[in-house]
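Some notes on the structure that comes next.
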Amino acid sequence: MFPARVRAVAPLALVICALSGCSSWGCTDTTAERGKAGVRVQVVDTEGQPLGVTAAVVDWSLEPHPQVPSEGDQVHFRFRFDGADEYSDRAVDACAVDEERVTLGCQTVFSSQASGPADDPLTGNTWLAVEHPEQVDGVLLIPHDQSYDPRTCEADVKDGGGTHPPEPPRRGDQL
């Protein structure tokens with residue numbers, strides 16, 4: 001008699017467990033494809049949908065960083081975020097590239113870093129240290145918003161999963 005009860009209740013227990021989210025069967029992680037890098041990009045979410053924000057490289061130069069001039073030239077660049085509000089804090093990866101669009105160094109820049117002068121408060125500037133500054137041919141932005149990356153299935157089976165931004169570019173990646 002006991003085994004019959006177990007057989008009758010077991011499917012119901014599995015349904016309750018699956019509906020409550022305690023099952024890992026539905027958790028999947030995917031990584032978005034990296035979009036085309038450019039000097040001016042529309043910032044997109046992990047599904048490739050525009051977020052109403054444009055990020056642009058205003059200008060760049062090679063010069064010693066004022067705090068560590070002994071390290072030689074670094075890439076100093078100014079950027080601009082149009083359409084970003086103070087609450088969203090959008091972020092994109094910025095990369096110094098050579099003439100073949102191979103990355104020499106990258107970092108994430110946030111719209112909150114854009115705190116330029118009163119006449120242009122949407123601009124900001126930062127520095128990129130690269131091993132061979134003489135090879136730098138430009139600075140490009142990658143369009144994917146890096147400000148939010150949902151938890152992975154590995155970190156949180158119940159609430160994790162979904163599409164994640166592309167992996168940050170590494171030195172030597174072709175953009």
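As shown in the structure tokens, the chain order sets the letters A, B, ...; within each chain, residues go from 1, and ligands are also counted from 1 in the order they appear.
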Surrounding residues of range 91-99 of chain A excluding itself and chain neighbours under 2 positions, 10 Å, only C-alpha atoms, as a PDB file with C-alpha atoms, in the first residue's frame:
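What ended up in out-v9.pdb:
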```
ATOM      1  CA  ALA A  37      32.377  48.281 -32.812  1.00  0.00           C
ATOM      2  CA  GLY A  38      32.550  51.876 -33.935  1.00  0.00           C
ATOM      3  CA  VAL A  39      33.490  55.411 -33.004  1.00  0.00           C
ATOM      4  CA  VAL A  41      27.382  53.308 -31.437  1.00  0.00           C
ATOM      5  CA  VAL A  43      23.898  51.195 -26.956  1.00  0.00           C
ATOM      6  CA  VAL A  44      21.904  47.940 -27.068  1.00  0.00           C
ATOM      7  CA  ALA A  55      27.931  56.509 -27.021  1.00  0.00           C
ATOM      8  CA  ALA A  56      30.675  58.191 -29.013  1.00  0.00           C
ATOM      9  CA  VAL A  57      34.414  58.750 -28.916  1.00  0.00           C
ATOM     10  CA  TRP A  60      41.727  60.746 -28.466  1.00  0.00           C
ATOM     11  CA  VAL A  75      45.733  56.671 -24.748  1.00  0.00           C
ATOM     12  CA  HIS A  76      43.744  59.647 -23.456  1.00  0.00           C
ATOM     13  CA  PHE A  77      40.242  59.805 -24.888  1.00  0.00           C
ATOM     14  CA  PHE A  79      33.645  60.121 -24.818  1.00  0.00           C
ATOM     15  CA  PHE A  81      26.777  59.520 -23.821  1.00  0.00           C
ATOM     16  CA  ALA A  84      21.577  58.335 -20.795  1.00  0.00           C
ATOM     17  CA  SER A  88      20.487  53.966 -15.842  1.00  0.00           C
ATOM     18  CA  ASP A  89      24.286  54.396 -15.828  1.00  0.00           C
ATOM     19  CA  ARG A 101      41.116  46.803 -35.618  1.00  0.00           C
ATOM     20  CA  VAL A 102      42.987  44.435 -33.288  1.00  0.00           C
ATOM     21  CA  THR A 103      42.568  45.429 -29.656  1.00  0.00           C
ATOM     22  CA  LEU A 104      45.605  46.737 -27.821  1.00  0.00           C
ATOM     23  CA  GLY A 105      43.764  47.459 -24.573  1.00  0.00           C
ATOM     24  CA  CYS A 106      40.164  47.835 -23.381  1.00  0.00           C
ATOM     25  CA  GLN A 107      38.143  49.041 -20.432  1.00  0.00           C
ATOM     26  CA  THR A 108      34.506  49.685 -19.602  1.00  0.00           C
ATOM     27  CA  VAL A 109      33.320  53.300 -19.524  1.00  0.00           C
ATOM     28  CA  PHE A 110      30.109  54.319 -17.757  1.00  0.00           C
ATOM     29  CA  SER A 111      27.749  57.151 -18.549  1.00  0.00           C
ATOM     30  CA  SER A 112      28.152  58.278 -14.928  1.00  0.00           C
ATOM     31  CA  GLN A 113      31.790  59.101 -15.770  1.00  0.00           C
ATOM     32  CA  LEU A 128      43.876  53.481 -21.499  1.00  0.00           C
ATOM     33  CA  ALA A 129      47.285  52.007 -20.834  1.00  0.00           C
ATOM     34  CA  VAL A 130      48.539  49.957 -23.765  1.00  0.00           C
ATOM     35  CA  HIS A 132      52.629  49.587 -27.605  1.00  0.00           C
ATOM     36  CA  PRO A 133      51.035  53.049 -27.855  1.00  0.00           C
ATOM     37  CA  GLU A 134      52.752  53.725 -31.175  1.00  0.00           C
ATOM     38  CA  GLN A 135      50.478  51.072 -32.750  1.00  0.00           C
ATOM     39  CA  VAL A 136      47.216  52.792 -31.733  1.00  0.00           C
ATOM     40  CA  ASP A 137      45.161  53.830 -34.751  1.00  0.00           C
ATOM     41  CA  GLY A 138      41.928  54.723 -32.942  1.00  0.00           C
ATOM     42  CA  VAL A 139      39.529  54.098 -30.089  1.00  0.00           C
ATOM     43  CA  LEU A 140      36.346  52.101 -30.724  1.00  0.00           C
ATOM     44  CA  LEU A 141      33.272  51.406 -28.608  1.00  0.00           C
ATOM     45  CA  ILE A 142      31.389  48.126 -28.464  1.00  0.00           C
ATOM     46  CA  PRO A 143      27.604  48.720 -28.430  1.00  0.00           C
ATOM     47  CA  HIS A 144      26.503  46.251 -25.742  1.00  0.00           C
ATOM     48  CA  ASP A 145      25.383  47.666 -22.421  1.00  0.00           C
ATOM     49  CA  GLN A 146      27.722  46.246 -19.790  1.00  0.00           C
ATOM     50  CA  SER A 147      25.983  47.874 -16.822  1.00  0.00           C
ATOM     51  CA  TYR A 148      23.790  44.884 -15.986  1.00  0.00           C
ATOM     52  CA  PRO A 168      34.778  41.806 -22.629  1.00  0.00           C
ATOM     53  CA  PRO A 169      37.311  41.960 -25.442  1.00  0.00           C
ATOM     54  CA  ARG A 170      40.871  40.920 -24.652  1.00  0.00           C
ATOM     55  CA  ARG A 171      44.102  42.208 -26.075  1.00  0.00           C
ATOM     56  CA  GLY A 172      44.485  40.693 -29.531  1.00  0.00           C
ATOM     57  CA  ASP A 173      40.755  40.340 -30.327  1.00  0.00           C
ATOM     58  CA  GLN A 174      39.685  41.497 -33.763  1.00  0.00           C
ATOM     59  CA  LEU A 175      36.887  44.068 -33.711  1.00  0.00           C
TER      60      LEU A 175
END
```
Check: chain A: which residues are helix (DSSP H, G or I) by DSSP, as a list of chain:residue names?
Finding: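 Of chain A, only A:Phe2, A:Pro3, A:Ala4, A:Arg5, A:Val6, A:Arg7, A:Ala8, A:Val9, A:Ala10, A:Pro11, A:Leu12, A:Ala13, A:Leu14, A:Val15, A:Ile16, A:Cys17, A:Ala18, A:Leu19, A:Ser20, A:Pro69, A:Ser70, A:Glu71, A:Ser111, A:Ser112, A:Gln113, A:Pro133, A:Glu134, A:Gln135 fall in helix (DSSP H, G or I).
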Shell around Glu154 in chain A at 9 Å using only C-alpha atoms, local window under 5 positions removed, as a list in words: Asp29, Gly160 and Gly161 of chain A
- prompt: Which residue gives the smallest distance to Gly124 in chain A among A:Gln67, A:Thr46, A:Val58, A:Tyr87, with only C-alpha atoms counted?
  reply: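 Among A:Gln67, A:Thr46, A:Val58, A:Tyr87, it is A:Val58 that comes nearest to Gly124 in chain A.
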Counting only C-alpha atoms, which of A:Glu47, A:Glu63, A:Asp73, A:Thr28 gets nearest to Ala155 in chain A?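 With only C-alpha atoms as the atom set, the closest residue is A:Thr28.
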